[in-house]
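> This structure is in structure tokens; I'll ask about it shortly.
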Amino acid sequence: MEPLGTLPMDRRTSLGYVINHLARLMEQALRDRIAEHGVVPGQFAQLLALYEKDGVTQNELCEKVRIDQSTMAHTLKRMERDGLIRRTADPADGRRALIHLTARAQELRAALVAAALEVNDIATAGFPDTREEDFLRMARQAIGNLEADRAT
């Protein structure tokens, strides 16, 4: 048996490498389209989650977008500085804050969603509709598999 360090690995056939490369390219394409609005890709998942349900706690937001607390705290601080969110005291527990979208963030919603849809369309150009659905289904299954592995 060969030692691990000598096993051949072709990046073109490595699922991790290919998905990571795809994610980086999609992030760059999204960045190009949303920069003019003063938003960066690292804020995008939080904005989408808040567009779905506004007025959540930081912990709830962490769970929705699967980001650790320290990264979320840093991102929210920047989003607050950039005028995208505001925090209010949670009436149910004054020790917590609720995160709300600002009017500015609400006004950006259509443009940001359009930018993301454009990037998705570019990435899936030439896919038959069924292939795009299959790709998304398999990607969600891989995410589920890896999340279940982390939970054990």
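Ordering of the structure tokens sets the chain letters (A, B, ...), residue numbers begin anew at 1 in every chain, and ligands are numbered from 1 in the order given.
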At most 9 Å is the cut-off: for each residue in segment 40-143 of chain A with any atom that close to an atom of segment 6-29 of chain A, write down the nearest atom pair and the distance in Å rounded to one decimal, counting only C-alpha atoms, chain first then increasing number, as CSV.


residue,atom,partner,partner_atom,distance
A:Pro41,CA,A:Glu27,CA,6.3
A:Gly42,CA,A:Glu27,CA,8.8
A:Ala115,CA,A:Ala29,CA,9.0
A:Ala116,CA,A:Ala29,CA,8.9
A:Val119,CA,A:Ala29,CA,6.4
A:Asn120,CA,A:Met26,CA,8.0
A:Ala123,CA,A:Met26,CA,7.6

> Mind dumping the selected residues with all heavy atoms as a CSV table (one decimal), in the first residue's frame?


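The new file part.csv reads:
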chain,number,residue,atom,x,y,z
A,41,PRO,N,-19.8,39.5,-1.5
A,41,PRO,CA,-20.4,38.1,-1.4
A,41,PRO,C,-20.5,37.6,0.0
A,41,PRO,O,-21.4,36.8,0.3
A,41,PRO,CB,-19.4,37.3,-2.3
A,41,PRO,CG,-18.9,38.3,-3.3
A,41,PRO,CD,-18.8,39.6,-2.5
A,42,GLY,N,-19.6,37.9,0.9
A,42,GLY,CA,-19.6,37.4,2.3
A,42,GLY,C,-20.9,37.9,3.0
A,42,GLY,O,-21.2,37.3,4.1
A,115,ALA,N,-28.7,39.9,-9.7
A,115,ALA,CA,-27.3,39.6,-10.0
A,115,ALA,C,-27.0,38.2,-9.7
A,115,ALA,O,-26.3,37.5,-10.5
A,115,ALA,CB,-26.5,40.5,-9.1
A,116,ALA,N,-27.6,37.6,-8.6
A,116,ALA,CA,-27.3,36.2,-8.3
A,116,ALA,C,-28.0,35.3,-9.4
A,116,ALA,O,-27.3,34.3,-9.8
A,116,ALA,CB,-27.9,35.9,-6.9
A,119,VAL,N,-25.7,35.3,-12.4
A,119,VAL,CA,-24.5,34.4,-12.2
A,119,VAL,C,-24.9,32.9,-12.3
A,119,VAL,O,-24.3,32.1,-13.0
A,119,VAL,CB,-23.9,34.7,-10.9
A,119,VAL,CG1,-22.8,33.7,-10.6
A,119,VAL,CG2,-23.3,36.1,-10.9
A,120,ASN,N,-26.1,32.6,-11.7
A,120,ASN,CA,-26.6,31.2,-11.8
A,120,ASN,C,-26.8,30.8,-13.3
A,120,ASN,O,-26.5,29.7,-13.7
A,120,ASN,CB,-27.8,31.0,-11.0
A,120,ASN,CG,-27.6,31.0,-9.5
A,120,ASN,OD1,-26.4,30.9,-9.1
A,120,ASN,ND2,-28.6,31.2,-8.8
A,123,ALA,N,-23.5,30.3,-15.1
A,123,ALA,CA,-22.9,29.0,-14.6
A,123,ALA,C,-23.6,27.8,-15.2
A,123,ALA,O,-22.9,26.8,-15.5
A,123,ALA,CB,-22.9,28.9,-13.1

> So which bits of segment 8-88 of chain A end up strand (DSSP E) when you DSSP the backbone, as a PyMOL selection string?

chain A and resi 56-57+85-88

> Give me the residues within 9 Å of segment 100-111 of chain A as an NGL selection string, counting only C-alpha atoms and dropping any in the same chain fewer than 4 places off.

:A and (34 or 37 or 47-48 or 50-51 or 54-56 or 83-88 or 115-116)

> Next, dump the selected residues to file, keeping only C-alpha atoms, as a JSON list (two decimals), in the first residue's frame.


[["chain", "number", "residue", "atom", "x", "y", "z"],
["A", 34, "ILE", "CA", -22.94, 43.57, -6.58],
["A", 37, "HIS", "CA", -24.26, 48.41, -4.49],
["A", 47, "LEU", "CA", -29.08, 39.18, 3.28],
["A", 48, "LEU", "CA", -30.93, 36.31, 1.57],
["A", 50, "LEU", "CA", -33.00, 38.12, 6.27],
["A", 51, "TYR", "CA", -35.07, 38.66, 3.11],
["A", 54, "ASP", "CA", -36.32, 39.62, 9.13],
["A", 55, "GLY", "CA", -35.80, 40.24, 12.84],
["A", 56, "VAL", "CA", -33.86, 37.16, 13.90],
["A", 83, "GLY", "CA", -26.10, 50.52, 6.51],
["A", 84, "LEU", "CA", -27.53, 47.11, 5.59],
["A", 85, "ILE", "CA", -28.76, 46.02, 9.03],
["A", 86, "ARG", "CA", -29.72, 47.48, 12.37],
["A", 87, "ARG", "CA", -30.02, 45.77, 15.72],
["A", 88, "THR", "CA", -32.81, 46.16, 18.24],
["A", 115, "ALA", "CA", -27.31, 39.65, -9.96],
["A", 116, "ALA", "CA", -27.35, 36.22, -8.32]]

> Hey, can you check how far atom CA of Arg131 of chain A sits from atom CA of Ala114 of chain A?

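Between these atoms lies a distance of 22.1 Å.
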
> Enumerate as a VMD selection string all residues of chain A assigned to alpha helix (DSSP H) by DSSP on the backbone, naming them with the chain letters and numbers the document uses.

chain A and resid 15 to 34 41 to 52 58 to 65 69 to 81 103 to 123 129 to 151

> Using only C-alpha atoms, which residues sit within 9 Å of segment 63-70 of chain A once same-chain residues fewer than 6 positions away are excluded, as a PyMOL selection string?

chain A and resi 45-46+49

> Write out the residues from the selection above, keeping C-alpha atoms, as a CSV table (one decimal), in the first residue's frame.


chain,number,residue,atom,x,y,z
A,45,ALA,CA,-26.1,34.7,2.4
A,46,GLN,CA,-27.1,36.8,5.5
A,49,ALA,CA,-31.8,34.8,5.0

> What separation in Å, quoted to one decimal, exists between atom CA of Ala151 of chain A and atom CA of Glu60 of chain A?

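About the pair atom CA of Ala151 of chain A and atom CA of Glu60 of chain A: they are 17.9 Å apart.
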
> Report, in Å to a single decimal, how far apart atom CA of Gln58 of chain A and atom CA of Arg150 of chain A are.

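The value is 21.5 Å.
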